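Just below is one structure, and these are the notes that go with it.
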There are 2 protein chains.
Amino acid sequence: VSAGERIMLQPEVCARRAVCPNARGMKIEGISHRSLWLAEDGRSVHVFDQTRLPWKLETLRLAGAEQVAHAIRTAQIRGAALVGVAAAYGIALALRDDATDPALDAAAALLLDARPGLACLHRSIRRMSAALRDLPIATRVAAAYAEAAAMAEEDVAANAAIGRHGRALLDTIAARHGAVNVLTHGHAGWTASVDWGTALAPVYMAHDAGLDVHVWVSETRPRGLGAALTAWELGQHGVPHTVIADGASGQVIQRGAVDIVLVGAERISRLGDLTNTIGTYPVALAARDNGVPFWAAVATAAVDGTAEAPACPVEERPSTEVTTMTGRALDGSVATVRVVASGSRAANPAHDVTPSRLITGLITDRGVCPASEAAIARLFPGQHAA
Amino acid sequence: VSAGERIMLQPEVCARRAVCPNARGMKIEGISHRSLWLAEDGRSVHVFDQTRLPWKLETLRLAGAEQVAHAIRTAQIRGAALVGVAAAYGIALALRDDATDPALDAAAALLLDARPGLACLHRSIRRMSAALRDLPIATRVAAAYAEAAAMAEEDVAANAAIGRHGRALLDTIAARHGAVNVLTHGHAGWTASVDWGTALAPVYMAHDAGLDVHVWVSETRPRGLGAALTAWELGQHGVPHTVIADGASGQVIQRGAVDIVLVGAERISRLGDLTNTIGTYPVALAARDNGVPFWAAVATAAVDGTAEAPACPVEERPSTEVTTMTGRALDGSVATVRVVASGSRAANPAHDVTPSRLITGLITDRGVCPASEAAIARLFPGQHAA
């Protein structure tokens, strides 16, 4: 069986530090969490099944590389940072059985194959391979867990830094307007990372500091990541927000209801072009057309300073994500309905590319910078040379 | 009871000319239809319940002004032309009971109140009042039915003319490329009018003439008009098409897969600004950013040459249209699921305004023209002076 074991871990249980050793995480029902943590057995990892959120809070135990791959393929876990860290643990789990080079290669191929269109997955596997390949076989398992844990901690630290830098932008707006209206597209919150999130980190920090922040959340079809996950996260944390259809973001921006657009980043190219959740590009066009600042929140790990073109193919996701929609039925059950006329086919590109000319700037863990080749090279010299 | 009587009129029955005296209409299961027709009693009108389409083909009998108002309010009937014609019949039905001025005023108020944000509704009521007010009371009922029937015939003729003028644009593209890829947003097909539709009329005519036409259909949340109605219409008529999420239209245009964007029009202002289904504006921005022509198909009735600003308020539709989605469940039943996290609120503006600068041109029943004040005044001198 390649699917992760579904375990009913209640928030109360999860909050016990032995299980979920994390007092800093974002809140669910008032209790702080991370979105991935090592299980009590010290081997497998726990994640939330994001295909059930926000309708059910279910925890999966991923005990092998195949289960990690399955969770990535079916989008039970998603978001650049979380997928990257989970894949790293997937390598560690595989090496427990066999730590030889062929086994390492096989695990890397298995995990990459789960969603070959995700730049974050390529980065994570490349990093793990580079860290482990030259080590003696006997030390590889421990090194793999250490590297995966380091990636998780780096993500949390990077996102916290993004939150601080981004909050300064929101403070500036609030100083002028008294309140801040953010629009976000996609889901770049804490459950898309290990903690804090990227685009939402500044929002959480501003809200926690008492700023009057309101977020327009575009629902982000086809998977409804905004309506389901962003709205759920914001609601659980107590941040005022309003969900709109994806097509409505242009009108909301046009009528002056948005002070700043904040989105995440699957990848930033050497030239400053942004690969992100499908639908980001039209939001950037609307922001530009109305003089509203458009910022992408991006951890160093997502800066792909080595190449102009994306390093991985454009991902075409299953068309059933477009033809159906899942939600909570009147009787409380989670149900899927077909929303496209019978017999009609659908296409489902996962990402679009927003050209750097439409981006006001990048909020990174190293500070803010323009989305230009020169600025990216200056702020990320290592990434650029890599 | 203000809801229309739900009658199970099978397409086969409907095709009998006595019931549905229309051999020219668009096809459902191979049989030609109009979307509104006078019932056998010669008084009430038949329409399809569009909230059930494409899952169920159900016909409503609207036997009074209240039933017409209910059908408009609940979007059982929708689309500028269809709502306008239905409202005209609503006036006629009301006058059967009482044809005095106060009764005429009351019926007008009742119908306008159904969706006060629809310009088409204001136009229709204004026209009916103007046509009837000066007539003797005894002749008003017959005159009202005649005026409503005239509006229906004018709509069919106007849309057929739009189809011919628009088809010439598609022919030109096909002559260059061999095939034509259209992208449409919203639902401007025959079930949004009495016949042919506006934006889809050129597509149907090109397809019927043997052109290789393919249509990208954006699903058009919140009501999913594209996924449900546009896709259903195109499928029934045999036109190849692919449904995409609203956010994907930018990417599809960006990657060169679209030759021309065709949309309908709730209203064209004196200056050439386009009020249309929410989400039209971002599509226009993407078309402009990639040099793809963006055309609005508009019947004379939707040209509001008298005023710069919209004559009616921006319509805010019920938020439940955003928080829920209706479709066909696995067991075949039509079910509604909540797709927004519990407790999150939603906003639902029905329309946006696409500035004339983003519009390549208008396809009207009087020919094509730029979306400029001068061109509109030239082509629609009566509308301009009205």
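Simple scheme: letters A, B, ... for chains in structure tokens order, numbers from 1 for residues in each chain, numbers from 1 for ligands in the order shown.
The protein and nucleic acid residues lying at most 12 Å from Pro318 in chain A are Arg73, Thr74, Ala75, Arg115, Pro222, Arg223, Glu315, Glu321, Val322, Thr323, Thr324, Arg345, Ala346, Ala347, Asn348, Pro349 and Ala350 of chain A; Ile244 of chain B, with only C-alpha atoms considered and sequence neighbours fewer than 3 positions away removed.
When the distance limit is 9 Å and only C-alpha atoms are what count, the residues near Asp365 in chain A, minus those fewer than 2 positions from it on the same chain, are A:Ala157, A:Ala158, A:Asn159, A:Ala160, A:Ala161, A:Ile162, A:Gly163, A:Arg164, A:His165, A:Ala297, A:Val298, A:Ala299, A:Thr300, A:Ile363, A:Gly367, A:Val368.
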Export of prior selection with N, CA and C atoms as a PDB file, in the first residue's frame:
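Saved result, out.pdb, follows:
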ATOM      1  N   ALA A 157      12.746  29.444   9.418  1.00  0.00           N
ATOM      2  CA  ALA A 157      13.521  30.678   9.638  1.00  0.00           C
ATOM      3  C   ALA A 157      13.349  31.634   8.458  1.00  0.00           C
ATOM      4  N   ALA A 158      13.385  31.094   7.235  1.00  0.00           N
ATOM      5  CA  ALA A 158      13.241  31.935   6.042  1.00  0.00           C
ATOM      6  C   ALA A 158      11.878  32.616   6.031  1.00  0.00           C
ATOM      7  N   ASN A 159      10.834  31.834   6.359  1.00  0.00           N
ATOM      8  CA  ASN A 159       9.492  32.403   6.324  1.00  0.00           C
ATOM      9  C   ASN A 159       9.292  33.449   7.413  1.00  0.00           C
ATOM     10  N   ALA A 160       9.894  33.210   8.565  1.00  0.00           N
ATOM     11  CA  ALA A 160       9.807  34.212   9.626  1.00  0.00           C
ATOM     12  C   ALA A 160      10.480  35.510   9.173  1.00  0.00           C
ATOM     13  N   ALA A 161      11.602  35.375   8.471  1.00  0.00           N
ATOM     14  CA  ALA A 161      12.298  36.569   7.958  1.00  0.00           C
ATOM     15  C   ALA A 161      11.445  37.273   6.907  1.00  0.00           C
ATOM     16  N   ILE A 162      10.829  36.474   6.014  1.00  0.00           N
ATOM     17  CA  ILE A 162       9.914  37.051   5.008  1.00  0.00           C
ATOM     18  C   ILE A 162       8.788  37.803   5.706  1.00  0.00           C
ATOM     19  N   GLY A 163       8.282  37.202   6.775  1.00  0.00           N
ATOM     20  CA  GLY A 163       7.208  37.843   7.519  1.00  0.00           C
ATOM     21  C   GLY A 163       7.631  39.196   8.063  1.00  0.00           C
ATOM     22  N   ARG A 164       8.836  39.271   8.602  1.00  0.00           N
ATOM     23  CA  ARG A 164       9.311  40.550   9.167  1.00  0.00           C
ATOM     24  C   ARG A 164       9.496  41.601   8.072  1.00  0.00           C
ATOM     25  N   HIS A 165      10.142  41.194   6.973  1.00  0.00           N
ATOM     26  CA  HIS A 165      10.370  42.160   5.881  1.00  0.00           C
ATOM     27  C   HIS A 165       9.047  42.606   5.253  1.00  0.00           C
ATOM     28  N   ALA A 297       6.297  36.853  -2.386  1.00  0.00           N
ATOM     29  CA  ALA A 297       7.068  36.447  -1.211  1.00  0.00           C
ATOM     30  C   ALA A 297       7.799  35.163  -1.568  1.00  0.00           C
ATOM     31  N   VAL A 298       9.113  35.177  -1.420  1.00  0.00           N
ATOM     32  CA  VAL A 298       9.887  34.060  -1.954  1.00  0.00           C
ATOM     33  C   VAL A 298      11.079  33.721  -1.054  1.00  0.00           C
ATOM     34  N   ALA A 299      11.114  32.480  -0.640  1.00  0.00           N
ATOM     35  CA  ALA A 299      12.258  32.015   0.136  1.00  0.00           C
ATOM     36  C   ALA A 299      13.435  31.776  -0.817  1.00  0.00           C
ATOM     37  N   THR A 300      14.651  31.929  -0.286  1.00  0.00           N
ATOM     38  CA  THR A 300      15.856  31.739  -1.099  1.00  0.00           C
ATOM     39  C   THR A 300      15.788  30.443  -1.899  1.00  0.00           C
ATOM     40  N   ILE A 363       9.694  39.901  -1.782  1.00  0.00           N
ATOM     41  CA  ILE A 363       9.943  39.885  -0.343  1.00  0.00           C
ATOM     42  C   ILE A 363      10.665  38.581  -0.054  1.00  0.00           C
ATOM     43  N   GLY A 367      15.627  40.091   2.646  1.00  0.00           N
ATOM     44  CA  GLY A 367      15.187  41.480   2.489  1.00  0.00           C
ATOM     45  C   GLY A 367      14.371  41.646   1.215  1.00  0.00           C
ATOM     46  N   VAL A 368      13.918  42.856   0.945  1.00  0.00           N
ATOM     47  CA  VAL A 368      13.139  43.086  -0.272  1.00  0.00           C
ATOM     48  C   VAL A 368      14.074  43.539  -1.385  1.00  0.00           C
TER      49      VAL A 368
END
- Residue nearest Val340 in chain B among A:Glu266, A:Asp273, A:Asp352, A:Glu219 (counting only C-alpha atoms): A:Glu219
Distance table requested - chain B against chain A, cut-off 7 Å, only C-alpha atoms: one row per qualifying residue with the closest atom pair and its distance in Å to one decimal, ordered by chain and rising residue number, as a tab-separated table.
residue	atom	partner	partner_atom	distance
B:Pro54	CA	A:Ala341	CA	5.8
B:Arg221	CA	A:Ala245	CA	5.9
B:Pro222	CA	A:Ala245	CA	5.8
B:Ala227	CA	A:Val340	CA	4.6
B:Ala228	CA	A:Ala341	CA	5.1
B:Ala231	CA	A:Ala341	CA	6.0
B:Trp232	CA	A:Ala341	CA	5.2
B:Gly235	CA	A:Ser344	CA	6.6
B:Thr242	CA	A:Ala346	CA	4.9
B:Val243	CA	A:Ala346	CA	4.4
B:Ile244	CA	A:Ala347	CA	5.5
B:Ala245	CA	A:Pro222	CA	5.8
B:Asp246	CA	A:Gly247	CA	6.3
B:Gly247	CA	A:Gly279	CA	3.6
B:Ala248	CA	A:Gly279	CA	5.6
B:Gly250	CA	A:Pro282	CA	5.8
B:Gln251	CA	A:Asp352	CA	5.5
B:Ile278	CA	A:Ala248	CA	5.8
B:Gly279	CA	A:Gly247	CA	3.6
B:Tyr281	CA	A:Gly250	CA	6.5
B:Pro282	CA	A:Pro282	CA	5.6
B:Leu285	CA	A:Leu285	CA	6.4
B:Ala286	CA	A:Pro282	CA	6.4
B:Val322	CA	A:Ala245	CA	6.4
B:Thr326	CA	A:Val339	CA	6.7
B:Gly327	CA	A:Val339	CA	4.7
B:Arg328	CA	A:Arg338	CA	5.0
B:Ala329	CA	A:Val337	CA	4.5
B:Leu330	CA	A:Val337	CA	6.9
B:Ala335	CA	A:Val337	CA	7.0
B:Thr336	CA	A:Ala329	CA	6.4
B:Val337	CA	A:Ala329	CA	4.5
B:Arg338	CA	A:Arg328	CA	5.0
B:Val339	CA	A:Gly327	CA	4.7
B:Val340	CA	A:Ala227	CA	4.6
B:Ala341	CA	A:Ala228	CA	5.1
B:Ser344	CA	A:Ala231	CA	6.4
B:Arg345	CA	A:Thr242	CA	5.2
B:Ala346	CA	A:Val243	CA	4.4
B:Ala347	CA	A:Ile244	CA	5.5
B:Asn348	CA	A:Ile244	CA	6.4
B:Pro349	CA	A:Ala248	CA	6.9
B:Asp352	CA	A:Gln251	CA	5.5
Saved selection, atoms kept: C-alpha atoms, as a JSON list (two decimals), in the first residue's frame:
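Contents of the output file part01.json:
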[["chain", "number", "residue", "atom", "x", "y", "z"],
["B", 54, "PRO", "CA", -26.81, 21.23, -17.93],
["B", 221, "ARG", "CA", -17.31, 31.26, -11.46],
["B", 222, "PRO", "CA", -19.14, 31.85, -9.27],
["B", 227, "ALA", "CA", -18.55, 25.23, -17.45],
["B", 228, "ALA", "CA", -22.26, 24.56, -17.26],
["B", 231, "ALA", "CA", -19.87, 24.07, -22.60],
["B", 232, "TRP", "CA", -23.27, 22.38, -22.70],
["B", 235, "GLY", "CA", -21.34, 20.24, -26.88],
["B", 242, "THR", "CA", -12.13, 22.79, -23.77],
["B", 243, "VAL", "CA", -13.10, 24.10, -20.35],
["B", 244, "ILE", "CA", -10.46, 25.84, -18.22],
["B", 245, "ALA", "CA", -10.45, 27.45, -14.78],
["B", 246, "ASP", "CA", -10.93, 31.22, -14.91],
["B", 247, "GLY", "CA", -7.39, 31.79, -13.73],
["B", 248, "ALA", "CA", -6.02, 29.72, -16.61],
["B", 250, "GLY", "CA", -4.17, 34.26, -18.96],
["B", 251, "GLN", "CA", -1.78, 31.33, -19.38],
["B", 278, "ILE", "CA", -17.39, 39.29, -13.70],
["B", 279, "GLY", "CA", -13.95, 38.17, -14.89],
["B", 281, "TYR", "CA", -11.74, 42.54, -17.47],
["B", 282, "PRO", "CA", -8.79, 40.26, -16.53],
["B", 285, "LEU", "CA", -5.94, 42.55, -19.90],
["B", 286, "ALA", "CA", -4.32, 39.23, -20.83],
["B", 322, "VAL", "CA", -19.34, 31.91, -4.21],
["B", 326, "THR", "CA", -23.80, 22.93, -7.68],
["B", 327, "GLY", "CA", -23.18, 19.97, -9.91],
["B", 328, "ARG", "CA", -23.94, 16.33, -10.48],
["B", 329, "ALA", "CA", -23.05, 13.97, -7.68],
["B", 330, "LEU", "CA", -21.71, 10.48, -8.33],
["B", 335, "ALA", "CA", -26.15, 18.43, -5.38],
["B", 336, "THR", "CA", -24.74, 21.59, -3.85],
["B", 337, "VAL", "CA", -21.53, 21.55, -1.84],
["B", 338, "ARG", "CA", -19.91, 24.29, 0.22],
["B", 339, "VAL", "CA", -16.46, 25.05, -1.21],
["B", 340, "VAL", "CA", -15.37, 27.89, 1.08],
["B", 341, "ALA", "CA", -14.05, 27.18, 4.56],
["B", 344, "SER", "CA", -15.42, 32.60, 5.95],
["B", 345, "ARG", "CA", -17.50, 35.24, 4.24],
["B", 346, "ALA", "CA", -17.58, 35.93, 0.51],
["B", 347, "ALA", "CA", -18.29, 38.85, -1.83],
["B", 348, "ASN", "CA", -19.95, 38.41, -5.21],
["B", 349, "PRO", "CA", -19.89, 41.34, -7.64],
["B", 352, "ASP", "CA", -16.90, 44.24, -14.13]]
- Task: List every residue of range 161-318 of chain B that DSSP, applied to the backbone of this structure, assigns to alpha helix (DSSP H), and report them as an MDAnalysis selection string.
- Result: chainID B and resid 161:177 201:208 225 231:237 249:254 280:289
- For Ala174 in chain B: contacts at 12 Å, only C-alpha atoms, fewer than 2 positions along chain excluded, given as a VMD selection string: chain B and resid 167 to 172 176 to 182 206 to 207 210 to 214 259 to 260
Restricting it to C-alpha atoms, dump the selection as a PDB file, in the first residue's frame.
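out-v2.pdb written:
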ATOM      1  CA  ARG B 167     -18.063  34.971 -38.754  1.00  0.00           C
ATOM      2  CA  ALA B 168     -16.231  37.191 -41.221  1.00  0.00           C
ATOM      3  CA  LEU B 169     -13.608  37.825 -38.510  1.00  0.00           C
ATOM      4  CA  LEU B 170     -13.236  34.095 -37.905  1.00  0.00           C
ATOM      5  CA  ASP B 171     -13.014  33.437 -41.662  1.00  0.00           C
ATOM      6  CA  THR B 172     -10.109  35.870 -41.879  1.00  0.00           C
ATOM      7  CA  ARG B 176      -4.319  32.581 -42.223  1.00  0.00           C
ATOM      8  CA  HIS B 177      -4.099  29.714 -39.720  1.00  0.00           C
ATOM      9  CA  GLY B 178      -6.328  26.969 -41.133  1.00  0.00           C
ATOM     10  CA  ALA B 179      -8.117  26.730 -37.793  1.00  0.00           C
ATOM     11  CA  VAL B 180      -9.513  29.212 -35.292  1.00  0.00           C
ATOM     12  CA  ASN B 181      -9.056  29.105 -31.541  1.00  0.00           C
ATOM     13  CA  VAL B 182     -11.605  31.269 -29.780  1.00  0.00           C
ATOM     14  CA  ALA B 206     -18.522  29.318 -38.585  1.00  0.00           C
ATOM     15  CA  HIS B 207     -18.883  25.751 -37.310  1.00  0.00           C
ATOM     16  CA  GLY B 210     -17.392  23.849 -41.876  1.00  0.00           C
ATOM     17  CA  LEU B 211     -14.669  26.034 -40.331  1.00  0.00           C
ATOM     18  CA  ASP B 212     -12.288  24.293 -37.946  1.00  0.00           C
ATOM     19  CA  VAL B 213     -13.291  26.160 -34.767  1.00  0.00           C
ATOM     20  CA  HIS B 214     -12.245  25.272 -31.226  1.00  0.00           C
ATOM     21  CA  ASP B 259      -6.469  33.622 -31.873  1.00  0.00           C
ATOM     22  CA  ILE B 260      -9.363  35.776 -30.737  1.00  0.00           C
TER      23      ILE B 260
END
- Task: Identify, with DSSP run on backbone atoms, the residues in range 211-272 of chain A assigned to strand (DSSP E or B), and express the list as a list in words.
- Result: Val213, His214, Val215, Trp216, Val217, Ser218, His241, Thr242, Val243, Ile244, Ile260, Val261, Leu262, Val263, Arg267, Ile268 and Ser269 of chain A
Show which residues sit within 9 Å of range 374-382 of chain A, as a PDB file with C-alpha atoms, in the first residue's frame. Count only C-alpha atoms, and ignore same-chain residues fewer than 3 positions away.
ATOM      1  CA  ARG A 270      17.308  34.552 -12.967  1.00  0.00           C
ATOM      2  CA  LEU A 271      15.520  37.393 -14.760  1.00  0.00           C
ATOM      3  CA  GLY A 272      12.911  37.846 -12.023  1.00  0.00           C
ATOM      4  CA  THR A 300      15.856  31.739  -1.099  1.00  0.00           C
ATOM      5  CA  VAL A 303      15.225  31.505  -6.390  1.00  0.00           C
ATOM      6  CA  GLY A 305      19.254  31.946 -10.392  1.00  0.00           C
ATOM      7  CA  ARG A 366      17.261  38.308   2.806  1.00  0.00           C
ATOM      8  CA  GLY A 367      15.187  41.480   2.489  1.00  0.00           C
ATOM      9  CA  CYS A 369      14.484  43.659  -3.776  1.00  0.00           C
ATOM     10  CA  PRO A 370      13.250  44.480  -7.278  1.00  0.00           C
ATOM     11  CA  ALA A 371      12.451  41.521  -9.522  1.00  0.00           C
ATOM     12  CA  ALA A 385      26.378  31.089  -9.445  1.00  0.00           C
ATOM     13  CA  ALA A 386      25.052  27.643  -8.587  1.00  0.00           C
TER      14      ALA A 386
END
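The neighbours of Arg61 in chain B here are the residues that come within 9 Å of it, using only C-alpha atoms and leaving out any residue fewer than 4 positions away in the same chain; they are Gly4, Glu5, Arg6, Ile7, Ala39, Ser44, Val45, His46, Val47, Phe48 and Gln67 of chain B.
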Residues just named, written with N, CA and C atoms as a short mmCIF file (atom, residue, chain, number, x, y, z; two decimals), in the first residue's frame:
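To be explicit, this is the file written out as selection.cif:
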data_model
loop_
_atom_site.label_atom_id
_atom_site.label_comp_id
_atom_site.auth_asym_id
_atom_site.auth_seq_id
_atom_site.Cartn_x
_atom_site.Cartn_y
_atom_site.Cartn_z
N GLY B 4 -42.42 29.58 -11.12
CA GLY B 4 -43.06 29.04 -12.32
C GLY B 4 -43.35 27.56 -12.17
N GLU B 5 -44.41 27.12 -12.84
CA GLU B 5 -44.74 25.70 -12.81
C GLU B 5 -43.67 24.92 -13.57
N ARG B 6 -43.18 23.87 -12.90
CA ARG B 6 -42.13 23.06 -13.52
C ARG B 6 -42.80 21.97 -14.34
N ILE B 7 -42.64 22.01 -15.63
CA ILE B 7 -43.28 20.99 -16.46
C ILE B 7 -42.21 20.21 -17.18
N ALA B 39 -46.59 29.66 -24.77
CA ALA B 39 -47.19 28.35 -24.50
C ALA B 39 -48.44 28.14 -25.36
N SER B 44 -49.13 32.30 -21.40
CA SER B 44 -47.92 32.14 -20.60
C SER B 44 -46.73 31.81 -21.52
N VAL B 45 -45.54 31.93 -20.94
CA VAL B 45 -44.34 31.66 -21.73
C VAL B 45 -43.57 30.49 -21.12
N HIS B 46 -42.89 29.76 -22.01
CA HIS B 46 -42.04 28.66 -21.60
C HIS B 46 -40.58 29.10 -21.65
N VAL B 47 -39.83 28.71 -20.64
CA VAL B 47 -38.37 28.92 -20.64
C VAL B 47 -37.73 27.67 -20.04
N PHE B 48 -36.45 27.49 -20.28
CA PHE B 48 -35.71 26.42 -19.61
C PHE B 48 -35.25 26.93 -18.24
N GLN B 67 -44.22 35.24 -11.38
CA GLN B 67 -43.42 34.07 -11.76
C GLN B 67 -42.23 34.48 -12.64
#
Near Tyr145 in chain B, counting only C-alpha atoms, which residues have an atom at most 9 Å away, once you skip same-chain residues fewer than 2 positions from it, shown as a compact mmCIF listing (two decimals) with all heavy atoms, in the first residue's frame?
# COMPACT_ATOMS: atom_id res chain seq x y z
N ARG B 43 -50.87 32.52 -23.74
CA ARG B 43 -50.69 33.57 -22.72
C ARG B 43 -49.33 33.45 -22.02
O ARG B 43 -48.55 34.38 -22.01
CB ARG B 43 -51.75 33.41 -21.61
CG ARG B 43 -53.16 33.43 -22.08
CD ARG B 43 -54.07 33.22 -20.88
NE ARG B 43 -55.46 33.35 -21.27
CZ ARG B 43 -56.45 33.56 -20.42
NH1 ARG B 43 -56.20 33.66 -19.12
NH2 ARG B 43 -57.69 33.66 -20.84
N ALA B 88 -40.57 41.65 -20.65
CA ALA B 88 -41.62 42.22 -21.50
C ALA B 88 -42.88 41.35 -21.43
O ALA B 88 -44.00 41.86 -21.30
CB ALA B 88 -41.12 42.34 -22.93
N TYR B 89 -42.69 40.04 -21.50
CA TYR B 89 -43.85 39.15 -21.35
C TYR B 89 -44.43 39.25 -19.93
O TYR B 89 -45.63 39.09 -19.73
CB TYR B 89 -43.47 37.70 -21.69
CG TYR B 89 -43.50 37.43 -23.18
CD1 TYR B 89 -42.32 37.25 -23.90
CD2 TYR B 89 -44.72 37.33 -23.87
CE1 TYR B 89 -42.34 36.99 -25.28
CE2 TYR B 89 -44.74 37.08 -25.24
CZ TYR B 89 -43.56 36.91 -25.93
OH TYR B 89 -43.61 36.67 -27.28
N ILE B 91 -44.71 41.95 -18.21
CA ILE B 91 -45.62 43.11 -18.27
C ILE B 91 -46.94 42.69 -18.93
O ILE B 91 -48.04 42.99 -18.42
CB ILE B 91 -44.97 44.26 -19.06
CG1 ILE B 91 -43.72 44.79 -18.34
CG2 ILE B 91 -45.99 45.38 -19.33
CD1 ILE B 91 -44.01 45.66 -17.15
N ALA B 92 -46.83 41.97 -20.04
CA ALA B 92 -48.04 41.54 -20.76
C ALA B 92 -48.92 40.68 -19.85
O ALA B 92 -50.15 40.85 -19.80
CB ALA B 92 -47.64 40.78 -22.02
N LEU B 93 -48.31 39.76 -19.12
CA LEU B 93 -49.06 38.88 -18.22
C LEU B 93 -49.75 39.68 -17.12
O LEU B 93 -50.91 39.42 -16.77
CB LEU B 93 -48.12 37.83 -17.62
CG LEU B 93 -47.72 36.70 -18.57
CD1 LEU B 93 -46.48 35.96 -18.07
CD2 LEU B 93 -48.88 35.71 -18.76
N ARG B 140 -54.22 47.47 -24.49
CA ARG B 140 -52.86 47.34 -23.95
C ARG B 140 -52.34 45.89 -23.92
O ARG B 140 -51.16 45.65 -24.16
CB ARG B 140 -52.79 47.94 -22.54
CG ARG B 140 -52.75 49.46 -22.57
CD ARG B 140 -52.65 50.04 -21.17
NE ARG B 140 -52.53 51.50 -21.22
CZ ARG B 140 -52.50 52.27 -20.15
NH1 ARG B 140 -52.59 51.75 -18.94
NH2 ARG B 140 -52.38 53.58 -20.28
N VAL B 141 -53.21 44.96 -23.57
CA VAL B 141 -52.74 43.56 -23.46
C VAL B 141 -52.21 43.07 -24.81
O VAL B 141 -51.09 42.55 -24.91
CB VAL B 141 -53.86 42.64 -22.95
CG1 VAL B 141 -53.45 41.17 -23.11
CG2 VAL B 141 -54.15 42.95 -21.48
N ALA B 142 -53.02 43.25 -25.84
CA ALA B 142 -52.60 42.80 -27.17
C ALA B 142 -51.32 43.52 -27.60
O ALA B 142 -50.40 42.90 -28.16
CB ALA B 142 -53.71 43.03 -28.18
N ALA B 143 -51.26 44.81 -27.31
CA ALA B 143 -50.07 45.59 -27.70
C ALA B 143 -48.84 45.11 -26.94
O ALA B 143 -47.73 45.06 -27.49
CB ALA B 143 -50.31 47.07 -27.43
N GLU B 147 -45.52 43.74 -28.56
CA GLU B 147 -44.22 44.39 -28.33
C GLU B 147 -43.20 43.36 -27.82
O GLU B 147 -42.03 43.37 -28.23
CB GLU B 147 -44.39 45.53 -27.30
CG GLU B 147 -43.20 46.46 -27.18
CD GLU B 147 -43.00 47.37 -28.41
OE1 GLU B 147 -43.95 47.50 -29.21
OE2 GLU B 147 -41.89 47.91 -28.56
N ALA B 148 -43.64 42.49 -26.92
CA ALA B 148 -42.73 41.45 -26.40
C ALA B 148 -42.30 40.52 -27.54
O ALA B 148 -41.11 40.17 -27.65
CB ALA B 148 -43.42 40.66 -25.29
N ALA B 149 -43.24 40.14 -28.38
CA ALA B 149 -42.89 39.27 -29.51
C ALA B 149 -41.94 39.98 -30.46
O ALA B 149 -41.00 39.37 -31.00
CB ALA B 149 -44.17 38.84 -30.24
N ALA B 150 -42.17 41.28 -30.65
CA ALA B 150 -41.28 42.05 -31.52
C ALA B 150 -39.87 42.08 -30.94
O ALA B 150 -38.87 41.93 -31.66
CB ALA B 150 -41.82 43.47 -31.70
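All residues of protein, DNA or RNA that reach within 7 Å of Ala265 in chain A, judged by only C-alpha atoms and not counting those fewer than 5 positions away in the chain, are Leu274, Thr275, Asn276, Ala296, Ala297, Val298 and Ala302 of chain A.
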Would you save the residues from that selection as a CSV table (one decimal), in the first residue's frame, using all heavy atoms?
chain,number,residue,atom,x,y,z
A,274,LEU,N,8.2,35.2,-12.4
A,274,LEU,CA,7.6,34.4,-11.3
A,274,LEU,C,6.7,33.3,-11.8
A,274,LEU,O,5.7,33.5,-12.5
A,274,LEU,CB,6.7,35.4,-10.5
A,274,LEU,CG,5.7,34.8,-9.5
A,274,LEU,CD1,6.5,34.1,-8.3
A,274,LEU,CD2,4.8,35.9,-9.0
A,275,THR,N,7.1,32.1,-11.5
A,275,THR,CA,6.2,30.9,-11.7
A,275,THR,C,5.4,30.7,-10.5
A,275,THR,O,6.0,30.6,-9.4
A,275,THR,CB,7.1,29.6,-12.0
A,275,THR,OG1,7.9,29.9,-13.2
A,275,THR,CG2,6.1,28.5,-12.4
A,276,ASN,N,4.1,30.7,-10.6
A,276,ASN,CA,3.3,30.5,-9.4
A,276,ASN,C,1.9,29.9,-9.8
A,276,ASN,O,1.7,29.6,-11.0
A,276,ASN,CB,3.0,31.9,-8.7
A,276,ASN,CG,2.5,31.7,-7.3
A,276,ASN,OD1,2.9,30.8,-6.6
A,276,ASN,ND2,1.6,32.6,-6.9
A,296,ALA,N,5.8,39.5,-4.7
A,296,ALA,CA,5.9,38.0,-4.5
A,296,ALA,C,6.8,37.7,-3.3
A,296,ALA,O,7.9,38.3,-3.2
A,296,ALA,CB,6.5,37.4,-5.7
A,297,ALA,N,6.3,36.9,-2.4
A,297,ALA,CA,7.1,36.4,-1.2
A,297,ALA,C,7.8,35.2,-1.6
A,297,ALA,O,7.2,34.2,-2.0
A,297,ALA,CB,6.1,36.2,0.0
A,298,VAL,N,9.1,35.2,-1.4
A,298,VAL,CA,9.9,34.1,-2.0
A,298,VAL,C,11.1,33.7,-1.1
A,298,VAL,O,11.9,34.6,-0.7
A,298,VAL,CB,10.3,34.4,-3.4
A,298,VAL,CG1,10.9,35.8,-3.5
A,298,VAL,CG2,11.4,33.4,-3.9
A,302,ALA,N,13.5,29.1,-3.5
A,302,ALA,CA,12.7,29.2,-4.7
A,302,ALA,C,13.4,30.1,-5.7
A,302,ALA,O,12.8,30.2,-6.8
A,302,ALA,CB,11.3,29.6,-4.4
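Put simply, CA of Trp190 in chain A is 11.3 Å away from CA of Gly264 in chain A.
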